[in-house]
Amino acid sequence: MLAILLAAMTLVTFSQVVARYVFNTGSPWALEFTIFLFAWLILLGMSYGVRVGSHIGVDLLVKALSPKAQKVVGLVAVGLCMLYAAILFKGGWDTVDLLLLIEIEAEDVPVPLWIPTLILPVGFALLFLRFVQAGWNLISGEGTGMKLADETKDAIEQLKQSDQPPSDQPESLDKK
Amino acid sequence: MTTAVLFILLFSFMLIRVPIAISLGLASVLTIITFSDDSIASLSEKIFHAMYHYTLMAIPFFVLASAFLTTGGVARRMIRFAVDCVGWLPGGLAMASVMACMLFAAVSGSSPATVVAIGSIVIAGMVRQGYPLNFAAGVICNAGTLGILIPPSIVMVVYSAATEVSVGRMFMAGVIPGLMMGGLLMIAIYIAARIKKLPAQEFPGMGQLAKSAGTAFGGLFLIVIIMGGIYGGIFTPTEAAAVSAIYAYLVAVVGYRDLGPIKGAPWRKPDENMASVLLRNLAMTFWALIKTPIDPEVKKVLVDAAKVSIMLMFIIANAMLFAHVLTTERIPHAIAETITSWGLAPWTFLIVVNIILLIAGNFMEPSAILLIMAPILFPIAIRLGIDPIHLGIIMVVNMEIGMITPPVGLNLFVTAGVTGMELTQVIKAALPWLMILLGFLVVITYVPQVSIFLPTLLMGPETVNIN
């Protein structure tokens with residue numbers, strides 16, 4: 001899903017350039033359409049980010065605590081994240097509600113504005129659920145904190161993958 | 001009062017390991033709910049509207065392009081080219097690494113990505129050749145920071161979005177400082193190599209050089225597309241980013257065939273005649289394009305790029321919310337008043353800027369710092385007659401330094417990960433090179449010509465509208 005959104009964004013923007021130079025036209029709604037795709041990508045993606053642990057945080061202080069204290073702090077942190085998601089979900093809900101009431105259309109894309117905006121409550125609701133899940137995992141004993149990105153680990157993993165094709169390694173590095 | 005609450009909330013959230021994005025967002029949301037009567041709906045809308053910054057859309061595209069290039073073996077070809085170029089000088093391999101970092105920086109927008117792509121290959125190579133591990137790690141750790149100074153650069157895109165300075169101009173302004181810093185590092189390596197008697201390689205000969213230039217050309221041409229496209233007025237920076245993502249895909253999948261449906265297929269089989277080569281490759285290219293949407297490797301690259309973009313944009317959207325709270329509380333205004341009332345000369349103001357940014361750079365993600373600090377520093381700088389582009393480059397160089405200073409220096413962690421060294425060891429290894437970077441910062445700060453010469457030459461003087 002995320003891959004499709006990102007690919008669609010890229011292709012629409014690219015096709016605009018092609019359309020302008022090759023066919024000398026361009027679609028007036030392409031720009032706004034990519035903006036909506038962009039918003040959907042980010043707002044749907046943020047809950048996915050919680051699941052795979054790609055959001056970054058600072059664990060300097062937490063690391064120094066005992067495992068038990070880490071768990072308590074971890075729960076507080078998850079609670080705060082849930083609070084955040086809940087508040088913005090309410091905000092998103094209100095926004096959509098208002099847009100339904102006044103029925104304005106998007107500027108260029110011929111849809112009522114509340115449809116693209118729908119992703120706000122949906123995205124934050126999903127985010128909330130992911131945090132509930134993270135909190136539940138904590139309580140039921142898995143780990144001592146939320147899964148967050150570990151750049152170092154990522155880098156090493158990527159290294160392992162990219163190290164495989166030695167056939168094409170720069171031979172010149174080895175010759176004396 | 002409000003300001004104090006805002007910042008105390010932010011820092012306490014961050015300390016207990018709430019993700020940075022949510023720390024920023026929650027601190028602002030709570031502050032607004034308590035101290036102002038904005039509706040919650042307007043806050044959610046702010047997040048949605050962060051995506052309306054068309055400039056920012058360049059970020060996912062550049063991330064995607066660099067994901068294709070990294071997995072697509074472009075880095076490897078660039079390194080080979082760099083080694084053939086300067087490898088025969090004393091300390092040549094180290095210099096080649098710096099050059100490879102510069103080349104890769106010119107096609108990717110991020111600094112840790114540069115360290116991973118180049119460092120993972122060259123550090124091992126340098127050690128095999130008898131360079132001390134410390135030396136190799138220190139060089140790469142620092143040269144990797146060029147990723148955000150040499151255009152295209154994600155950090156510059158963020159600065160432009162925050163201050164409404166032209167992205168094209170910022171990119172152009174990064175060229176000379178980027179080349180200068182790369183040059184400085186290389187000179188330092190040359191001197192160190194002479195003193196330490198580090199090994200050199202033999203000159204591979206012009207034929208070999210031309211050959212490696214040829215193989216690296218697919219990647220290098222991207223520089224021409226991006227810079228030429230933007231300055232030739234062919235497309236906007238965001239479109240340039242999208243075009244380079246598509247181009248990077250074509251290079252990786254159809255050109256180098258390092259991933260995707262026709263991975264590893266040779267361009268020409270032994271004893272194949274030209275006509276059949278042509279036909280077979282045409283058919284294969286066609287086949288590759290059709291099969292791409294269901295290819296697992298292409299999908300993996302897309303998902304990885306999406307993950308990074310989401311992480312960055314989620315921080316940026318929340319940082320914008322934070323900056324919005326600052327503005328509604330008139331905090332930038334108040335700080336600007338205070339600082340102006342001190343009657344600082346531009347050069348003392350710039351010292352203050354550097355100190356603040358260096359400290360902030362140690363604790364936070366660069367794009368978040370820029371979004372928070374730019375609205376505060378920008379108006380003061382304009383009033384003092386400092387060029388906005390110049391200020392932008394100063395901020396970027398500061399962010400570079402932040403990436404190699406503890407405790408939150410991303411490049412340090414990545415280098416430690418790539419080499420398997422202890423973090424403290426990496427810090428020590430990076431220290432001498434950090435000094436060069438600091439010296440470079442002084443030059444950048446007090447010689448504005450370095451940054452604004454090229455954009456002014458090519459695009460005329462900058463005009464600013466102060467709001």
# chains A, B, ... in the order shown; residues from 1 in each chain; ligands from 1
>>> residues_around(residues="Leu441 in chain B", least_positions_apart="5", cutoff="8 Å", atoms="only C-alpha atoms", output="PyMOL selection string")
chain B and resi 394+397-398
>>> select_by_dssp(residues="range 331-467 of chain B", states="alpha helix (DSSP H)", output="number ranges by chain")
B: 331-341, 346-361, 366-383, 388-402, 410-419, 423-446, 448-459
>>> residues_around(residues="range 127-130 of chain A", least_positions_apart="2", cutoff="10 Å", atoms="only C-alpha atoms", output="JSON, numbers by chain")
{"A": [43, 44, 45, 46, 47, 48, 49, 50, 51, 78, 79, 81, 82, 83, 84, 85, 86, 87, 88, 89, 121, 122, 123, 124, 125, 132, 133, 134, 135, 136]}
>>> residues_around(residues="Asp97 in chain A", least_positions_apart="5", cutoff="9 Å", atoms="only C-alpha atoms", output="list in words")
Gly92, Ile102 and Trp114 of chain A
>>> write_last_selection(atoms="C-alpha atoms", output="PDB file, in the first residue's frame")
ATOM      1  CA  GLY A  92      -9.306  15.166  12.647  1.00  0.00           C
ATOM      2  CA  ILE A 102     -19.980  23.299   4.722  1.00  0.00           C
ATOM      3  CA  TRP A 114     -13.732  15.939   3.235  1.00  0.00           C
TER       4      TRP A 114
END
>>> residues_around(residues="range 304-316 of chain B", least_positions_apart="2", cutoff="9 Å", atoms="only C-alpha atoms", output="ChimeraX atom specification")
/A:2-3,5-6,41-43,45-46,48-49,54-56 /B:20-22,24-25,47,50-51,56,59-61,63-68,158,299-302,318-321,365,367-368,371
>>> residues_around(residues="Phe48 in chain B", least_positions_apart="5", cutoff="8 Å", atoms="only C-alpha atoms", output="ChimeraX atom specification")
/A:39,117,120
>>> closest_atom_pairs(of="chain B", to="chain A", cutoff="6 Å", atoms="only C-alpha atoms", output="CSV")
residue,atom,partner,partner_atom,distance
B:Arg17,CA,A:Val58,CA,5.4
B:Val18,CA,A:Ala77,CA,5.3
B:Pro19,CA,A:Gly57,CA,4.3
B:Ile20,CA,A:Gly57,CA,5.2
B:Leu26,CA,A:Tyr84,CA,5.5
B:Ile40,CA,A:Gly91,CA,4.7
B:Ala41,CA,A:Gly91,CA,3.8
B:Ser44,CA,A:Gly91,CA,5.2
B:Met51,CA,A:Ala39,CA,5.7
B:Arg80,CA,A:Pro170,CA,5.6
B:Gly125,CA,A:Leu173,CA,5.8
B:Ala242,CA,A:Thr10,CA,5.4
B:Val243,CA,A:Phe14,CA,5.7
B:Leu302,CA,A:Ala3,CA,5.1
B:Val303,CA,A:Ala3,CA,5.2
B:Ile310,CA,A:Ile42,CA,5.1
B:Met311,CA,A:His55,CA,5.5
B:Phe413,CA,A:Thr152,CA,5.7
B:Val414,CA,A:Thr152,CA,5.1
B:Gly417,CA,A:Thr152,CA,5.0
B:Val418,CA,A:Ile156,CA,6.0
>>> write_last_selection(atoms="all heavy atoms", output="short mmCIF file (atom, residue, chain, number, x, y, z; two decimals), in the first residue's frame")
data_model
loop_
_atom_site.label_atom_id
_atom_site.label_comp_id
_atom_site.auth_asym_id
_atom_site.auth_seq_id
_atom_site.Cartn_x
_atom_site.Cartn_y
_atom_site.Cartn_z
N ARG B 17 11.97 8.79 26.22
CA ARG B 17 11.97 7.95 25.02
C ARG B 17 10.62 7.93 24.29
O ARG B 17 10.28 6.95 23.67
CB ARG B 17 12.40 6.53 25.38
CG ARG B 17 13.04 5.77 24.24
CD ARG B 17 13.81 4.58 24.74
NE ARG B 17 14.14 3.66 23.67
CZ ARG B 17 13.36 2.65 23.30
NH1 ARG B 17 12.23 2.43 23.91
NH2 ARG B 17 13.73 1.87 22.31
N VAL B 18 9.90 9.04 24.37
CA VAL B 18 8.79 9.21 23.44
C VAL B 18 9.44 9.57 22.11
O VAL B 18 10.39 10.34 22.09
CB VAL B 18 7.87 10.37 23.91
CG1 VAL B 18 6.77 10.63 22.90
CG2 VAL B 18 7.28 10.06 25.28
N PRO B 19 8.98 8.99 20.99
CA PRO B 19 9.60 9.34 19.71
C PRO B 19 9.67 10.85 19.51
O PRO B 19 8.76 11.57 19.93
CB PRO B 19 8.66 8.71 18.69
CG PRO B 19 8.00 7.59 19.41
CD PRO B 19 7.93 8.00 20.85
N ILE B 20 10.74 11.33 18.87
CA ILE B 20 10.95 12.77 18.73
C ILE B 20 9.75 13.47 18.12
O ILE B 20 9.30 14.51 18.59
CB ILE B 20 12.21 13.04 17.88
CG1 ILE B 20 13.45 12.62 18.68
CG2 ILE B 20 12.31 14.50 17.49
CD1 ILE B 20 14.75 12.87 17.99
N LEU B 26 3.08 16.48 20.80
CA LEU B 26 2.32 16.47 22.04
C LEU B 26 2.61 17.72 22.87
O LEU B 26 1.68 18.33 23.42
CB LEU B 26 2.64 15.20 22.84
CG LEU B 26 1.78 14.95 24.06
CD1 LEU B 26 0.31 14.85 23.67
CD2 LEU B 26 2.19 13.66 24.77
N ILE B 40 -9.02 22.10 18.59
CA ILE B 40 -8.16 20.96 18.30
C ILE B 40 -8.19 20.67 16.80
O ILE B 40 -7.20 20.24 16.23
CB ILE B 40 -8.65 19.69 19.03
CG1 ILE B 40 -9.01 20.01 20.48
CG2 ILE B 40 -7.59 18.62 19.01
CD1 ILE B 40 -9.55 18.81 21.21
N ALA B 41 -9.35 20.94 16.19
CA ALA B 41 -9.47 20.67 14.76
C ALA B 41 -8.41 21.43 13.98
O ALA B 41 -7.81 20.91 13.05
CB ALA B 41 -10.86 21.06 14.28
N SER B 44 -5.09 19.49 13.97
CA SER B 44 -5.02 18.37 13.04
C SER B 44 -4.88 18.89 11.62
O SER B 44 -4.14 18.34 10.81
CB SER B 44 -6.28 17.51 13.14
OG SER B 44 -6.42 17.04 14.44
N MET B 51 1.70 18.96 4.47
CA MET B 51 1.97 18.30 3.19
C MET B 51 1.73 19.25 2.02
O MET B 51 2.06 18.92 0.89
CB MET B 51 1.06 17.07 3.01
CG MET B 51 0.90 16.24 4.23
SD MET B 51 2.44 15.58 4.84
CE MET B 51 1.95 15.07 6.47
N ARG B 80 35.02 2.87 -7.38
CA ARG B 80 36.04 2.39 -8.30
C ARG B 80 36.58 3.55 -9.14
O ARG B 80 37.78 3.69 -9.34
CB ARG B 80 35.45 1.32 -9.21
CG ARG B 80 36.55 0.43 -9.75
CD ARG B 80 36.00 -0.68 -10.59
NE ARG B 80 34.69 -1.12 -10.14
CZ ARG B 80 33.95 -1.98 -10.83
NH1 ARG B 80 34.39 -2.45 -11.96
NH2 ARG B 80 32.78 -2.35 -10.39
N GLY B 125 38.50 -1.73 2.79
CA GLY B 125 39.55 -1.64 1.79
C GLY B 125 40.79 -0.92 2.32
O GLY B 125 41.92 -1.35 2.11
N ALA B 242 11.67 13.99 -8.52
CA ALA B 242 10.87 12.89 -9.05
C ALA B 242 11.55 12.29 -10.27
O ALA B 242 11.63 11.07 -10.42
CB ALA B 242 9.47 13.38 -9.42
N VAL B 243 12.07 13.16 -11.13
CA VAL B 243 12.76 12.67 -12.33
C VAL B 243 13.97 11.84 -11.92
O VAL B 243 14.22 10.77 -12.48
CB VAL B 243 13.19 13.84 -13.23
CG1 VAL B 243 14.08 13.35 -14.36
CG2 VAL B 243 11.98 14.54 -13.80
N LEU B 302 10.99 0.41 -2.52
CA LEU B 302 9.93 1.39 -2.34
C LEU B 302 9.49 1.47 -0.88
O LEU B 302 9.34 2.56 -0.31
CB LEU B 302 8.73 1.03 -3.21
CG LEU B 302 8.78 1.50 -4.65
CD1 LEU B 302 7.68 0.85 -5.46
CD2 LEU B 302 8.63 3.02 -4.72
N VAL B 303 9.30 0.30 -0.26
CA VAL B 303 8.84 0.30 1.14
C VAL B 303 9.90 0.92 2.05
O VAL B 303 9.60 1.73 2.92
CB VAL B 303 8.49 -1.13 1.60
CG1 VAL B 303 8.23 -1.15 3.09
CG2 VAL B 303 7.27 -1.63 0.86
N ILE B 310 8.51 8.65 5.72
CA ILE B 310 7.45 8.82 6.71
C ILE B 310 8.06 9.29 8.03
O ILE B 310 7.58 10.23 8.66
CB ILE B 310 6.69 7.50 6.91
CG1 ILE B 310 5.84 7.21 5.69
CG2 ILE B 310 5.82 7.57 8.15
CD1 ILE B 310 5.39 5.77 5.60
N MET B 311 9.16 8.65 8.43
CA MET B 311 9.81 9.01 9.67
C MET B 311 10.19 10.49 9.64
O MET B 311 9.89 11.24 10.57
CB MET B 311 11.03 8.11 9.84
CG MET B 311 11.74 8.21 11.15
SD MET B 311 13.03 9.43 11.11
CE MET B 311 14.27 8.60 10.12
N PHE B 413 27.31 6.94 15.19
CA PHE B 413 26.67 5.64 15.42
C PHE B 413 26.79 4.76 14.20
O PHE B 413 27.10 3.58 14.29
CB PHE B 413 25.20 5.83 15.77
CG PHE B 413 24.98 6.41 17.13
CD1 PHE B 413 24.69 7.76 17.28
CD2 PHE B 413 25.10 5.63 18.27
CE1 PHE B 413 24.51 8.30 18.53
CE2 PHE B 413 24.92 6.17 19.52
CZ PHE B 413 24.63 7.51 19.65
N VAL B 414 26.54 5.38 13.05
CA VAL B 414 26.58 4.59 11.82
C VAL B 414 27.99 4.08 11.58
O VAL B 414 28.20 2.91 11.24
CB VAL B 414 26.08 5.42 10.63
CG1 VAL B 414 26.24 4.65 9.34
CG2 VAL B 414 24.62 5.79 10.83
N GLY B 417 28.73 1.32 13.79
CA GLY B 417 28.05 0.13 13.31
C GLY B 417 28.78 -0.51 12.14
O GLY B 417 28.97 -1.72 12.09
N VAL B 418 29.23 0.33 11.20
CA VAL B 418 29.87 -0.18 10.00
C VAL B 418 31.22 -0.83 10.30
O VAL B 418 31.59 -1.84 9.73
CB VAL B 418 30.02 0.95 8.96
CG1 VAL B 418 30.90 0.51 7.81
CG2 VAL B 418 28.67 1.36 8.43
#
>>> closest_residue(among="B:Asn354, B:Glu297, B:Arg194, B:Ala283", to="Asp258 in chain B", atoms="only C-alpha atoms")
B:Glu297
>>> atom_distance(atom1="CA of Gly343 in chain B", atom2="CA of Pro375 in chain B")
19.8 Å
>>> atom_distance(atom1="CA of Asp37 in chain B", atom2="CA of Ile339 in chain B")
29.4 Å
>>> closest_residue(among="A:Leu138, A:Leu101, A:Leu65, A:Ala30", to="Leu15 in chain B", atoms="only C-alpha atoms")
A:Leu65
>>> closest_residue(among="B:Leu133, B:Val443, B:Met227, B:Val253", to="Gly420 in chain B", atoms="only C-alpha atoms")
B:Leu133
>>> residues_around(residues="range 445-453 of chain B", least_positions_apart="2", cutoff="10 Å", atoms="only C-alpha atoms", output="JSON, numbers by chain")
{"B": [169, 170, 172, 173, 174, 175, 176, 177, 178, 180, 346, 347, 350, 351, 353, 354, 386, 387, 388, 389, 390, 391, 392, 393, 394, 395, 397, 439, 440, 441, 442, 443, 455, 456, 457, 458, 460, 461, 462]}
>>> write_last_selection(atoms="N, CA and C atoms", output="compact mmCIF listing (two decimals), in the first residue's frame")
# COMPACT_ATOMS: atom_id res chain seq x y z
N ARG B 169 18.46 28.02 -5.28
CA ARG B 169 19.52 28.87 -4.80
C ARG B 169 20.33 28.21 -3.70
N MET B 170 19.62 27.57 -2.76
CA MET B 170 20.31 26.91 -1.65
C MET B 170 21.22 25.81 -2.20
N MET B 172 22.55 25.59 -5.14
CA MET B 172 23.69 26.20 -5.82
C MET B 172 24.71 26.70 -4.80
N ALA B 173 24.20 27.28 -3.71
CA ALA B 173 25.09 27.85 -2.70
C ALA B 173 25.92 26.77 -2.03
N GLY B 174 25.42 25.54 -2.02
CA GLY B 174 26.16 24.47 -1.35
C GLY B 174 27.34 23.95 -2.17
N VAL B 175 27.37 24.29 -3.46
CA VAL B 175 28.38 23.67 -4.33
C VAL B 175 29.81 24.05 -3.93
N ILE B 176 30.08 25.38 -3.86
CA ILE B 176 31.46 25.79 -3.56
C ILE B 176 31.89 25.34 -2.16
N PRO B 177 31.07 25.61 -1.11
CA PRO B 177 31.47 25.12 0.22
C PRO B 177 31.70 23.61 0.23
N GLY B 178 30.85 22.87 -0.48
CA GLY B 178 31.00 21.42 -0.51
C GLY B 178 32.33 21.00 -1.13
N MET B 180 34.95 22.90 -1.43
CA MET B 180 36.02 23.39 -0.56
C MET B 180 36.29 22.42 0.58
N PRO B 346 26.58 42.17 13.29
CA PRO B 346 26.31 40.91 12.60
C PRO B 346 27.29 39.81 12.97
N TRP B 347 28.57 40.14 13.11
CA TRP B 347 29.53 39.05 13.34
C TRP B 347 29.39 38.45 14.74
N LEU B 350 26.42 36.16 14.62
CA LEU B 350 26.71 34.87 14.00
C LEU B 350 27.43 33.93 14.96
N ILE B 351 28.25 34.49 15.86
CA ILE B 351 28.87 33.62 16.87
C ILE B 351 27.76 32.99 17.72
N VAL B 353 24.67 32.50 16.93
CA VAL B 353 23.97 31.51 16.09
C VAL B 353 24.72 30.18 16.10
N ASN B 354 26.03 30.27 15.84
CA ASN B 354 26.81 29.04 15.78
C ASN B 354 26.78 28.29 17.10
N ILE B 386 22.13 40.12 7.05
CA ILE B 386 22.82 38.90 6.66
C ILE B 386 22.03 38.23 5.54
N ASP B 387 22.73 37.77 4.53
CA ASP B 387 22.06 37.14 3.40
C ASP B 387 21.37 35.84 3.84
N PRO B 388 20.08 35.66 3.47
CA PRO B 388 19.36 34.46 3.92
C PRO B 388 20.00 33.16 3.42
N ILE B 389 20.56 33.19 2.23
CA ILE B 389 21.23 31.99 1.71
C ILE B 389 22.46 31.68 2.56
N HIS B 390 23.19 32.74 2.88
CA HIS B 390 24.38 32.59 3.71
C HIS B 390 24.01 31.97 5.06
N LEU B 391 22.95 32.50 5.67
CA LEU B 391 22.48 31.96 6.94
C LEU B 391 22.14 30.48 6.79
N GLY B 392 21.49 30.14 5.68
CA GLY B 392 21.12 28.75 5.44
C GLY B 392 22.33 27.84 5.40
N ILE B 393 23.38 28.28 4.69
CA ILE B 393 24.58 27.44 4.59
C ILE B 393 25.24 27.32 5.97
N ILE B 394 25.26 28.42 6.73
CA ILE B 394 25.82 28.34 8.08
C ILE B 394 25.07 27.29 8.89
N MET B 395 23.73 27.31 8.77
CA MET B 395 22.95 26.34 9.53
C MET B 395 23.25 24.92 9.09
N VAL B 397 26.03 23.74 7.75
CA VAL B 397 27.35 23.30 8.21
C VAL B 397 27.29 22.96 9.70
N GLY B 439 37.08 24.68 11.81
CA GLY B 439 37.80 25.76 11.13
C GLY B 439 37.04 26.19 9.87
N PHE B 440 36.52 25.20 9.18
CA PHE B 440 35.75 25.44 7.97
C PHE B 440 34.50 26.26 8.28
N LEU B 441 33.88 25.96 9.42
CA LEU B 441 32.68 26.70 9.84
C LEU B 441 33.01 28.17 10.01
N VAL B 442 34.19 28.46 10.61
CA VAL B 442 34.59 29.86 10.79
C VAL B 442 34.70 30.55 9.43
N VAL B 443 35.33 29.86 8.48
CA VAL B 443 35.48 30.44 7.14
C VAL B 443 34.11 30.73 6.53
N PRO B 455 25.29 31.34 -6.47
CA PRO B 455 23.88 31.63 -6.78
C PRO B 455 23.66 33.04 -7.30
N THR B 456 24.44 34.01 -6.78
CA THR B 456 24.25 35.37 -7.26
C THR B 456 24.72 35.50 -8.70
N LEU B 457 25.82 34.82 -8.99
CA LEU B 457 26.35 34.86 -10.35
C LEU B 457 25.34 34.30 -11.34
N LEU B 458 24.72 33.18 -10.96
CA LEU B 458 23.87 32.48 -11.91
C LEU B 458 22.43 32.95 -11.89
N GLY B 460 21.28 36.00 -10.18
CA GLY B 460 21.04 37.37 -9.74
C GLY B 460 20.92 37.44 -8.24
N PRO B 461 20.99 38.66 -7.68
CA PRO B 461 20.96 38.79 -6.23
C PRO B 461 19.64 38.34 -5.63
N GLU B 462 19.71 37.87 -4.41
CA GLU B 462 18.53 37.37 -3.71
C GLU B 462 17.63 38.53 -3.29
>>> closest_residue(among="B:Ala94, B:Phe349, B:Met181, B:Pro406", to="Ala137 in chain B", atoms="only C-alpha atoms")
B:Ala94
>>> closest_residue(among="A:Ala64, A:Ala8, A:Ala19, A:Leu118", to="Leu99 in chain A", atoms="only C-alpha atoms")
A:Leu118
>>> closest_residue(among="B:Leu370, B:Ile335, B:Cys101, B:Val426", to="Met399 in chain B", atoms="only C-alpha atoms")
B:Leu370
